[in-house]
$ cat run.txt   # compact mmCIF, C-alpha atoms
# COMPACT_ATOMS: atom_id res chain seq x y z
CA MET A 16 19.76 -25.34 -132.21
CA THR A 17 19.55 -28.86 -130.73
CA ASP A 18 19.60 -32.05 -132.78
CA LEU A 19 15.97 -32.69 -131.93
CA GLU A 20 14.92 -29.23 -133.18
CA ILE A 21 16.82 -29.78 -136.43
CA ILE A 22 15.17 -33.18 -136.88
CA GLN A 23 11.72 -31.63 -136.35
CA LEU A 24 12.48 -29.00 -139.02
CA VAL A 25 13.69 -31.64 -141.49
CA LEU A 26 10.59 -33.71 -140.83
CA HIS A 27 8.44 -30.66 -141.57
CA ASN A 28 9.86 -30.56 -145.10
CA ASP A 29 12.67 -28.13 -144.38
CA ARG A 30 15.22 -30.39 -146.03
CA ALA A 31 17.99 -27.77 -146.01
CA TYR A 32 18.43 -28.24 -142.27
CA PHE A 33 19.65 -31.78 -142.83
CA ARG A 34 22.94 -30.19 -143.94
CA LEU A 35 23.52 -29.16 -140.31
CA LEU A 36 23.29 -32.78 -139.16
CA VAL A 37 25.54 -34.00 -141.98
CA GLU A 38 28.19 -31.37 -141.28
CA LYS A 39 28.08 -32.02 -137.56
CA TYR A 40 28.23 -35.81 -137.69
CA GLN A 41 29.97 -36.79 -140.92
CA LYS A 42 33.32 -37.35 -139.17
CA LEU A 43 31.70 -39.52 -136.53
CA VAL A 44 30.15 -41.80 -139.16
CA PHE A 45 33.27 -41.75 -141.35
CA ARG A 46 35.56 -42.72 -138.43
CA THR A 47 33.33 -45.65 -137.50
CA CYS A 48 33.26 -46.85 -141.11
CA MET A 49 37.04 -46.45 -141.29
CA GLY A 50 37.39 -48.68 -138.23
CA TYR A 51 35.64 -51.48 -140.08
CA LEU A 52 36.77 -50.94 -143.67
CA HIS A 53 40.31 -49.43 -143.32
CA HIS A 54 39.85 -47.80 -146.73
CA LYS A 55 39.11 -44.09 -147.25
CA GLU A 56 37.01 -44.25 -150.44
CA ASP A 57 34.98 -47.23 -149.23
CA ALA A 58 34.39 -45.48 -145.90
CA GLU A 59 33.23 -42.32 -147.71
CA ASP A 60 30.82 -44.28 -149.92
CA LEU A 61 29.41 -46.06 -146.90
CA THR A 62 29.11 -42.75 -145.00
CA GLN A 63 27.01 -41.45 -147.90
CA GLU A 64 24.78 -44.55 -147.81
CA ILE A 65 24.36 -44.22 -144.05
CA PHE A 66 23.25 -40.58 -144.26
CA VAL A 67 20.72 -41.43 -147.00
CA GLN A 68 19.41 -44.19 -144.72
CA VAL A 69 19.31 -41.75 -141.79
CA TYR A 70 17.40 -39.19 -143.89
CA GLN A 71 14.87 -41.78 -144.99
CA SER A 72 14.30 -43.15 -141.50
CA LEU A 73 14.48 -39.89 -139.57
CA ALA A 74 10.78 -40.17 -138.74
CA THR A 75 11.47 -43.40 -136.84
CA TYR A 76 14.01 -41.74 -134.54
CA LYS A 77 12.78 -41.71 -130.98
CA SER A 78 14.49 -39.46 -128.51
CA GLU A 79 14.95 -42.35 -126.03
CA ALA A 80 18.59 -42.53 -127.19
CA THR A 81 20.63 -39.47 -128.10
CA PHE A 82 20.97 -38.75 -131.81
CA PRO A 83 24.71 -39.66 -131.91
CA THR A 84 23.95 -43.00 -130.20
CA TRP A 85 21.27 -43.73 -132.82
CA LEU A 86 23.71 -42.71 -135.55
CA TYR A 87 26.42 -44.98 -134.14
CA ARG A 88 23.97 -47.91 -134.15
CA ILE A 89 23.07 -47.31 -137.78
CA SER A 90 26.75 -46.90 -138.72
CA VAL A 91 27.79 -50.11 -136.95
CA ASN A 92 24.95 -52.14 -138.52
CA ALA A 93 25.59 -50.69 -141.99
CA SER A 94 29.33 -51.40 -141.71
CA LEU A 95 28.75 -54.99 -140.60
CA ASN A 96 26.21 -55.53 -143.40
CA HIS A 97 28.64 -54.06 -145.90
CA LEU A 98 31.37 -56.44 -144.72
CA ARG A 99 29.04 -59.44 -144.90
CA LYS A 100 28.17 -58.55 -148.48
CA ALA A 101 31.79 -57.81 -149.32
CA SER A 102 32.97 -61.15 -147.93
CA LYS A 103 31.27 -62.79 -150.92
CA TRP A 104 33.78 -60.92 -153.08
CA GLY A 105 36.55 -61.34 -150.49
CA PHE A 106 39.28 -62.38 -152.88
CA PHE A 107 38.94 -59.28 -155.10
CA GLN A 108 38.69 -56.98 -152.10
CA ARG A 109 41.81 -58.39 -150.51
CA PHE A 110 43.61 -58.12 -153.82
CA GLU A 111 42.58 -54.50 -154.23
CA ASN A 112 43.40 -53.53 -150.66
CA ARG A 113 46.81 -55.09 -151.04
CA PHE A 114 47.71 -52.35 -153.49
CA GLU A 115 45.65 -49.48 -152.17
CA SER A 116 46.12 -47.74 -148.88
CA ASP A 117 44.63 -44.35 -148.16
CA VAL A 118 46.18 -44.06 -144.76
CA PRO A 119 48.96 -41.46 -144.83
CA ILE A 120 52.34 -43.15 -144.80
CA PRO A 121 54.54 -41.97 -141.92
CA SER A 122 57.55 -40.05 -143.10
CA THR A 123 60.43 -42.39 -143.74
CA GLU A 124 62.70 -42.48 -146.70
CA ASN A 125 63.78 -46.06 -146.34
CA PRO A 126 61.79 -48.21 -148.84
CA GLU A 127 62.41 -51.35 -146.82
CA GLU A 128 61.01 -49.67 -143.73
CA LEU A 129 58.01 -48.48 -145.76
CA PHE A 130 57.36 -52.03 -146.92
CA ILE A 131 57.60 -53.37 -143.36
CA GLN A 132 55.20 -50.67 -142.12
CA ASP A 133 52.75 -51.57 -144.87
CA GLU A 134 53.04 -55.27 -144.00
CA HIS A 135 52.46 -54.45 -140.34
CA ARG A 136 49.37 -52.44 -141.20
CA ILE A 137 47.99 -55.36 -143.17
CA TRP A 138 48.44 -57.91 -140.41
CA VAL A 139 47.20 -55.62 -137.65
CA ASN A 140 44.06 -54.89 -139.71
CA LYS A 141 43.68 -58.60 -140.46
CA ALA A 142 43.87 -59.41 -136.75
CA LEU A 143 41.26 -56.72 -135.98
CA ASP A 144 38.98 -57.96 -138.76
CA SER A 145 39.14 -61.55 -137.57
CA LEU A 146 37.65 -60.69 -134.16
CA PRO A 147 34.04 -61.76 -133.52
CA GLU A 148 31.54 -59.01 -134.51
CA LYS A 149 30.67 -57.86 -130.98
CA GLN A 150 34.28 -57.69 -129.85
CA ARG A 151 35.20 -55.87 -133.02
CA THR A 152 32.39 -53.34 -132.53
CA ALA A 153 33.52 -52.70 -128.96
CA ILE A 154 37.12 -52.19 -130.12
CA VAL A 155 36.14 -49.88 -133.01
CA LEU A 156 33.91 -47.73 -130.80
CA SER A 157 36.59 -47.58 -128.14
CA LYS A 158 39.73 -47.06 -130.26
CA TYR A 159 38.40 -45.16 -133.27
CA ASP A 160 35.56 -43.19 -131.71
CA ASP A 161 37.02 -42.80 -128.21
CA LEU A 162 33.70 -43.72 -126.61
CA SER A 163 33.52 -44.54 -122.92
CA GLN A 164 32.30 -47.97 -121.80
CA LYS A 165 28.98 -46.37 -120.82
CA GLU A 166 28.53 -44.87 -124.29
CA ILE A 167 29.51 -48.15 -125.98
CA ALA A 168 26.97 -49.95 -123.81
CA ALA A 169 24.26 -47.50 -124.97
CA VAL A 170 25.15 -48.07 -128.63
CA MET A 171 25.32 -51.86 -128.27
CA LEU A 172 22.22 -52.02 -126.06
CA THR A 173 24.04 -53.87 -123.32
CA THR A 174 25.51 -53.23 -119.88
CA GLU A 175 28.79 -51.53 -119.01
CA GLY A 176 30.00 -54.78 -117.43
CA ALA A 177 29.36 -56.66 -120.66
CA VAL A 178 31.28 -54.02 -122.64
CA GLU A 179 34.21 -54.25 -120.24
CA ALA A 180 34.27 -58.04 -120.67
CA LEU A 181 33.99 -57.68 -124.45
CA LEU A 182 36.89 -55.23 -124.58
CA GLN A 183 39.06 -57.44 -122.39
CA ARG A 184 38.33 -60.49 -124.54
CA ALA A 185 38.91 -58.49 -127.72
CA LYS A 186 42.29 -57.22 -126.51
CA ALA A 187 43.31 -60.69 -125.33
CA ASN A 188 42.29 -62.21 -128.69
CA LEU A 189 44.13 -59.49 -130.55
CA ARG A 190 47.23 -60.07 -128.44
CA VAL A 191 47.14 -63.83 -129.11
CA LYS A 192 46.61 -63.36 -132.86
CA LEU A 193 49.42 -60.84 -133.16
CA GLN A 194 51.75 -62.90 -130.98
CA THR A 195 51.13 -65.98 -133.14
CA LYS A 196 51.86 -63.97 -136.25
CA GLN A 197 54.96 -62.48 -134.66
CA LYS A 198 56.27 -65.94 -133.74
CA LYS A 199 55.65 -67.14 -137.30
CA ASN A 200 57.60 -64.16 -138.63
CA GLN A 201 60.51 -64.85 -136.31
CA LYS A 202 60.84 -68.47 -137.52
CA MET B 14 56.73 -58.91 -112.46
CA ASN B 15 56.24 -62.18 -114.36
CA CYS B 16 55.29 -62.65 -118.02
CA VAL B 17 51.60 -63.45 -117.34
CA THR B 18 51.07 -60.23 -115.36
CA CYS B 19 53.00 -58.28 -117.96
CA LYS B 20 50.84 -59.64 -120.81
CA ASN B 21 47.67 -58.83 -118.90
CA GLN B 22 48.78 -55.32 -118.05
CA VAL B 23 50.53 -54.26 -121.23
CA GLU B 24 47.38 -52.51 -122.59
CA ALA B 25 46.86 -50.64 -119.34
CA TYR B 26 50.52 -49.61 -119.40
CA LEU B 27 50.19 -48.30 -122.96
CA GLU B 28 47.11 -46.31 -121.98
CA GLY B 29 48.90 -44.88 -118.94
CA GLU B 30 46.46 -46.52 -116.55
CA LEU B 31 49.07 -48.25 -114.36
CA SER B 32 50.26 -46.80 -111.08
CA GLN B 33 53.79 -45.40 -110.92
CA GLY B 34 55.10 -48.45 -109.08
CA ALA B 35 53.49 -50.93 -111.46
CA GLY B 36 54.78 -48.87 -114.38
CA ILE B 37 58.37 -49.13 -113.13
CA GLN B 38 57.98 -52.89 -112.61
CA MET B 39 56.64 -53.17 -116.14
CA GLU B 40 59.60 -51.25 -117.58
CA ASP B 41 62.05 -53.45 -115.67
CA HIS B 42 60.37 -56.59 -116.99
CA LEU B 43 60.25 -55.28 -120.56
CA SER B 44 63.96 -54.51 -120.51
CA SER B 45 64.81 -58.06 -119.38
CA CYS B 46 62.22 -60.21 -121.26
CA LYS B 47 62.56 -60.33 -125.06
CA GLU B 48 59.16 -61.98 -125.65
CA CYS B 49 57.23 -59.44 -123.58
CA ALA B 50 59.18 -56.60 -125.16
CA ALA B 51 58.14 -57.90 -128.59
CA LEU B 52 54.51 -58.06 -127.43
CA TYR B 53 54.76 -54.51 -126.10
CA ARG B 54 56.10 -53.30 -129.46
CA THR B 55 53.27 -55.12 -131.27
CA MET B 56 50.60 -53.52 -129.09
CA LEU B 57 52.28 -50.17 -129.60
CA LEU B 58 52.04 -50.78 -133.33
CA VAL B 59 48.30 -51.57 -133.04
CA ASN B 60 47.74 -48.29 -131.23
CA ARG B 61 49.78 -46.39 -133.80
CA ILE B 62 47.96 -47.93 -136.77
CA THR B 63 44.49 -47.36 -135.32
CA ALA B 64 45.47 -43.78 -134.44
CA GLU B 65 46.65 -43.19 -138.01
CA GLU B 66 43.40 -44.52 -139.46
CA LYS B 67 41.41 -42.52 -136.95
CA ASN B 68 43.09 -39.31 -138.11
CA VAL B 69 42.28 -39.83 -141.80
CA GLU B 70 40.15 -36.87 -142.88
CA PRO B 71 37.17 -37.44 -145.17
CA ASN B 72 36.91 -35.62 -148.49
CA PRO B 73 35.96 -31.95 -147.84
CA PHE B 74 33.12 -32.32 -150.36
CA LEU B 75 31.64 -35.37 -148.66
CA ALA B 76 28.77 -33.36 -147.12
CA THR B 77 27.97 -31.81 -150.50
CA ARG B 78 27.99 -35.25 -152.14
CA ILE B 79 25.64 -36.63 -149.48
CA LEU B 80 23.20 -33.72 -149.84
CA ALA B 81 23.29 -33.93 -153.66
CA ARG B 82 22.45 -37.63 -153.45
CA ILE B 83 19.50 -36.94 -151.14
CA GLU B 84 18.37 -34.11 -153.44
CA GLY B 85 18.46 -36.53 -156.39
CA LEU B 86 16.42 -39.13 -154.49
CA GLU B 87 13.83 -36.53 -153.54
CA GLU B 88 13.50 -35.38 -157.17
CA VAL B 89 12.93 -38.95 -158.34
CA ARG B 90 10.34 -39.40 -155.61
CA SER B 91 8.49 -36.19 -156.55
CA LYS B 92 8.36 -37.20 -160.24
CA ARG B 93 6.97 -40.63 -159.45
CA PRO B 94 3.16 -40.87 -160.23
CA ASN B 95 0.85 -41.11 -157.27
CA PRO B 96 0.10 -44.61 -155.94
CA PHE B 97 -3.62 -44.38 -156.92
CA ALA B 98 -2.70 -43.86 -160.57
CA GLN B 99 -0.03 -46.56 -160.33
CA LYS B 100 -2.16 -49.22 -158.62
CA VAL B 101 -5.71 -48.56 -159.90
CA LEU B 102 -5.75 -46.38 -163.02
CA LYS B 103 -2.95 -48.17 -164.86
CA PRO B 104 -4.50 -51.70 -164.71
CA VAL B 105 -7.97 -50.27 -165.55
CA LEU B 106 -6.61 -48.43 -168.61
CA ILE B 107 -4.76 -51.52 -169.80
CA SER B 108 -7.89 -53.74 -169.43
CA VAL B 109 -10.11 -51.18 -171.23
CA SER B 110 -7.66 -50.82 -174.13
CA ILE B 111 -7.46 -54.62 -174.52
CA ALA B 112 -11.29 -54.87 -174.49
CA VAL B 113 -11.59 -52.10 -177.13
CA ALA B 114 -8.95 -53.79 -179.31
CA VAL B 115 -10.77 -57.15 -179.11
CA PHE B 116 -14.15 -55.49 -179.90
CA PHE B 117 -12.82 -53.72 -183.00
CA GLY B 118 -11.02 -56.86 -184.05
CA VAL B 119 -14.25 -58.87 -183.96
CA LEU B 120 -16.10 -56.03 -185.75
CA THR B 121 -13.62 -55.73 -188.63
CA GLY B 122 -13.37 -59.52 -188.85
CA GLY B 123 -17.15 -59.64 -189.41
CA ILE B 124 -16.98 -57.20 -192.34
CA TYR B 125 -14.35 -59.17 -194.21
CA GLN B 126 -15.70 -61.92 -196.54
CA THR B 127 -13.61 -64.53 -198.22
CA ASP B 128 -13.77 -65.16 -202.02
CA SER B 129 -15.66 -68.38 -201.48
CA ILE B 130 -18.43 -66.44 -199.77
CA ARG B 131 -18.36 -63.26 -201.91
CA GLY B 132 -18.05 -64.75 -205.47
CA GLN B 133 -20.41 -67.69 -205.21
CA VAL B 134 -21.25 -69.04 -208.74
CA PRO B 135 -24.96 -69.77 -209.45
CA VAL B 136 -25.71 -73.50 -209.66
CA GLU B 137 -26.86 -73.32 -213.38
CA LEU B 138 -23.53 -71.73 -214.38
CA SER B 139 -21.37 -74.11 -212.48
CA TYR B 140 -21.93 -76.81 -215.14
CA LEU B 141 -20.70 -74.54 -217.92
CA ASN B 142 -17.22 -75.63 -218.85
CA ASP B 143 -15.50 -72.88 -220.86
CA ALA B 144 -12.22 -74.75 -221.16
CA SER B 145 -13.06 -76.02 -224.65
CA MET B 146 -14.01 -72.58 -225.96
CA GLU B 147 -11.44 -70.79 -228.06
CA SER B 148 -10.33 -67.53 -226.70
CA VAL B 149 -10.32 -64.23 -228.74
CA GLU B 150 -6.59 -64.34 -228.46
CA PHE B 151 -6.55 -67.67 -230.42
CA TYR B 152 -8.37 -66.05 -233.40
CA ALA B 153 -6.18 -62.97 -233.30
CA ASN B 154 -2.98 -64.92 -233.51
CA ASN B 155 -4.13 -67.18 -236.35

$ encode --input "run.txt" --output "structure tokens"
Amino acid sequence: MTDLEIIQLVLHNDRAYFRLLVEKYQKLVFRTCMGYLHHKEDAEDLTQEIFVQVYQSLATYKSEATFPTWLYRISVNASLNHLRKASKWGFFQRFENRFESDVPIPSTENPEELFIQDEHRIWVNKALDSLPEKQRTAIVLSKYDDLSQKEIAAVMLTTEGAVEALLQRAKANLRVKLQTKQKKNQK
Amino acid sequence: MNCVTCKNQVEAYLEGELSQGAGIQMEDHLSSCKECAALYRTMLLVNRITAEEKNVEPNPFLATRILARIEGLEEVRSKRPNPFAQKVLKPVLISVSIAVAVFFGVLTGGIYQTDSIRGQVPVELSYLNDASMESVEFYANN
């Protein structure tokens, strides 16, 4: 059954079919949220919000874009909105994230090494989060969702050339930020 | 290879997009330049961290949670009164009940009479001063 057929069934009050869409695309939405939030529970909560939003606005879906593309757009916008709201409570969030990490810790028995890995994770995430929104979106869709430049362009409603430029700028910015941090650490 | 080229191509090298020749040049440069080697390690770290986050699996009950939430929202929506009742009937009922309350208030207020109205003393009796009269109680006690 195609996505469009499932959507038609859901729209004709056959709500049970929405399960098929959730099961098929929950990882896609979750991964995108993870790219922005870096926190498992927060990403799961946001995934839930996104699917409720998708269910409520399913009637507005037009088949001009593929369903996953539409879903990516909603996920990106919801994640950015969530971050904008969360930035008002930035201090508490940073404080909480400092002690909570849901990302599996690579196997190492050395506590010092564990601490360094955790520190590295924090500053890499910080560098990613400090990128401008468009560059960050391009990086998340490319690195977390493995989308091609063409697919990213469809999600961001732009051209492939623009996505290529965005990715290059994002990587250059990331490199500069991490290099600066690295130099500070070496001093 | 110089440092500028190395910095520009380090991402492509990590993603295996460089040609064999350029790859060898990159490796030579990385083994001789400490700063570029540090940058290479940092970019490697970025790839590792994003890959780790990418591989985090959501809770296996996430789909069930999502569907339960939607189910709950639908139930609330089905219990909600229809918009006609909400927008038209409710204000009409409130206005009618206020009007009825005011009407009965005025009606019962009209029935009630104060002492000054109810127990009016005739004019001829109003001059009678009974203060000087002895009461029965006075004779009984004496």

$ residues_around --input "run.txt" --residues "Met49 of chain A" --least-positions-apart "6" --cutoff "7 Å" --atoms "all atoms listed in the file" --output "mmCIF file with C-alpha atoms, keeping the file's coordinate frame"
data_model
loop_
_atom_site.group_PDB
_atom_site.id
_atom_site.type_symbol
_atom_site.label_atom_id
_atom_site.label_comp_id
_atom_site.auth_asym_id
_atom_site.auth_seq_id
_atom_site.Cartn_x
_atom_site.Cartn_y
_atom_site.Cartn_z
ATOM 1 C CA LYS A 55 39.110 -44.090 -147.250
ATOM 2 C CA ALA A 58 34.390 -45.480 -145.900
ATOM 3 C CA GLU B 66 43.400 -44.520 -139.460
#

$ interface_residues --input "run.txt" --of "chain B" --to "chain A" --cutoff "12 Å" --atoms "all atoms listed in the file" --output "PyMOL selection string"
chain B and resi 17+20-25+28+48-87+90

$ closest_residue --input "run.txt" --among "A:Ser102, A:Leu146, A:Lys196, A:Arg88" --to "Val170 of chain A" --atoms "all atoms listed in the file"
A:Arg88

$ atom_distance --input "run.txt" --atom1 "atom CA of Ile21 of chain A" --atom2 "atom CA of Ser90 of chain A"
19.9 Å

$ atom_distance --input "run.txt" --atom1 "atom CA of Gly176 of chain A" --atom2 "atom CA of Arg99 of chain A"
27.9 Å

$ closest_residue --input "run.txt" --among "A:Arg184, A:Arg151, A:His27, A:Lys103" --to "Tyr51 of chain A" --atoms "all atoms listed in the file"
A:Arg151

$ residues_near_point --input "run.txt" --point "(21.0, -47.7, -123.6)" --cutoff "12 Å" --atoms "only C-alpha atoms" --output "compact mmCIF listing (two decimals) with C-alpha atoms, in the frame of the given file"
# COMPACT_ATOMS: atom_id res chain seq x y z
CA SER A 78 14.49 -39.46 -128.51
CA GLU A 79 14.95 -42.35 -126.03
CA ALA A 80 18.59 -42.53 -127.19
CA THR A 81 20.63 -39.47 -128.10
CA THR A 84 23.95 -43.00 -130.20
CA TRP A 85 21.27 -43.73 -132.82
CA ARG A 88 23.97 -47.91 -134.15
CA GLN A 164 32.30 -47.97 -121.80
CA LYS A 165 28.98 -46.37 -120.82
CA GLU A 166 28.53 -44.87 -124.29
CA ILE A 167 29.51 -48.15 -125.98
CA ALA A 168 26.97 -49.95 -123.81
CA ALA A 169 24.26 -47.50 -124.97
CA VAL A 170 25.15 -48.07 -128.63
CA MET A 171 25.32 -51.86 -128.27
CA LEU A 172 22.22 -52.02 -126.06
CA THR A 173 24.04 -53.87 -123.32
CA THR A 174 25.51 -53.23 -119.88
CA GLU A 175 28.79 -51.53 -119.01

$ atom_distance --input "run.txt" --atom1 "atom CA of Leu31 of chain B" --atom2 "atom CA of Glu148 of chain A"
28.8 Å

$ residues_around --input "run.txt" --residues "Leu26 of chain A" --least-positions-apart "3" --cutoff "8 Å" --atoms "all atoms listed in the file" --output "MDAnalysis selection string"
chainID A and resid 22:23 29:30 73:74

$ write_last_selection --input "run.txt" --atoms "C-alpha atoms" --output "CSV table (one decimal), in the coordinates of the input"
chain,number,residue,atom,x,y,z
A,22,ILE,CA,15.2,-33.2,-136.9
A,23,GLN,CA,11.7,-31.6,-136.4
A,29,ASP,CA,12.7,-28.1,-144.4
A,30,ARG,CA,15.2,-30.4,-146.0
A,73,LEU,CA,14.5,-39.9,-139.6
A,74,ALA,CA,10.8,-40.2,-138.7

$ build_atoms --input "run.txt" --residues "segment 158-170 of chain A" --atoms "N, CA, C and O atoms" --output "PDB file, in the frame of the given file"
ATOM      1  N   LYS A 158      38.453 -47.571-129.725  1.00  0.00           N
ATOM      2  CA  LYS A 158      39.730 -47.060-130.260  1.00  0.00           C
ATOM      3  C   LYS A 158      39.561 -45.978-131.313  1.00  0.00           C
ATOM      4  O   LYS A 158      40.344 -45.049-131.372  1.00  0.00           O
ATOM      5  N   TYR A 159      38.558 -46.127-132.176  1.00  0.00           N
ATOM      6  CA  TYR A 159      38.400 -45.160-133.270  1.00  0.00           C
ATOM      7  C   TYR A 159      37.514 -43.976-132.859  1.00  0.00           C
ATOM      8  O   TYR A 159      37.721 -42.872-133.313  1.00  0.00           O
ATOM      9  N   ASP A 160      36.499 -44.264-132.059  1.00  0.00           N
ATOM     10  CA  ASP A 160      35.560 -43.190-131.710  1.00  0.00           C
ATOM     11  C   ASP A 160      35.761 -42.649-130.302  1.00  0.00           C
ATOM     12  O   ASP A 160      35.046 -41.731-129.893  1.00  0.00           O
ATOM     13  N   ASP A 161      36.707 -43.241-129.579  1.00  0.00           N
ATOM     14  CA  ASP A 161      37.020 -42.800-128.210  1.00  0.00           C
ATOM     15  C   ASP A 161      35.784 -42.748-127.304  1.00  0.00           C
ATOM     16  O   ASP A 161      35.645 -41.831-126.490  1.00  0.00           O
ATOM     17  N   LEU A 162      34.889 -43.704-127.468  1.00  0.00           N
ATOM     18  CA  LEU A 162      33.700 -43.720-126.610  1.00  0.00           C
ATOM     19  C   LEU A 162      34.025 -44.377-125.279  1.00  0.00           C
ATOM     20  O   LEU A 162      34.872 -45.276-125.208  1.00  0.00           O
ATOM     21  N   SER A 163      33.333 -43.920-124.229  1.00  0.00           N
ATOM     22  CA  SER A 163      33.520 -44.540-122.920  1.00  0.00           C
ATOM     23  C   SER A 163      32.741 -45.862-122.898  1.00  0.00           C
ATOM     24  O   SER A 163      31.909 -46.107-123.780  1.00  0.00           O
ATOM     25  N   GLN A 164      33.012 -46.681-121.893  1.00  0.00           N
ATOM     26  CA  GLN A 164      32.300 -47.970-121.800  1.00  0.00           C
ATOM     27  C   GLN A 164      30.794 -47.755-121.678  1.00  0.00           C
ATOM     28  O   GLN A 164      29.999 -48.517-122.214  1.00  0.00           O
ATOM     29  N   LYS A 165      30.406 -46.673-120.989  1.00  0.00           N
ATOM     30  CA  LYS A 165      28.980 -46.370-120.820  1.00  0.00           C
ATOM     31  C   LYS A 165      28.339 -46.052-122.178  1.00  0.00           C
ATOM     32  O   LYS A 165      27.242 -46.517-122.496  1.00  0.00           O
ATOM     33  N   GLU A 166      29.058 -45.250-122.970  1.00  0.00           N
ATOM     34  CA  GLU A 166      28.530 -44.870-124.290  1.00  0.00           C
ATOM     35  C   GLU A 166      28.466 -46.088-125.230  1.00  0.00           C
ATOM     36  O   GLU A 166      27.493 -46.250-125.975  1.00  0.00           O
ATOM     37  N   ILE A 167      29.508 -46.932-125.154  1.00  0.00           N
ATOM     38  CA  ILE A 167      29.510 -48.150-125.980  1.00  0.00           C
ATOM     39  C   ILE A 167      28.323 -49.035-125.594  1.00  0.00           C
ATOM     40  O   ILE A 167      27.634 -49.586-126.457  1.00  0.00           O
ATOM     41  N   ALA A 168      28.081 -49.132-124.291  1.00  0.00           N
ATOM     42  CA  ALA A 168      26.970 -49.950-123.810  1.00  0.00           C
ATOM     43  C   ALA A 168      25.644 -49.424-124.362  1.00  0.00           C
ATOM     44  O   ALA A 168      24.763 -50.202-124.751  1.00  0.00           O
ATOM     45  N   ALA A 169      25.497 -48.087-124.434  1.00  0.00           N
ATOM     46  CA  ALA A 169      24.260 -47.500-124.970  1.00  0.00           C
ATOM     47  C   ALA A 169      24.108 -47.819-126.455  1.00  0.00           C
ATOM     48  O   ALA A 169      23.012 -48.120-126.918  1.00  0.00           O
ATOM     49  N   VAL A 170      25.217 -47.777-127.182  1.00  0.00           N
ATOM     50  CA  VAL A 170      25.150 -48.070-128.630  1.00  0.00           C
ATOM     51  C   VAL A 170      24.820 -49.546-128.841  1.00  0.00           C
ATOM     52  O   VAL A 170      23.970 -49.888-129.663  1.00  0.00           O
TER      53      VAL A 170
END
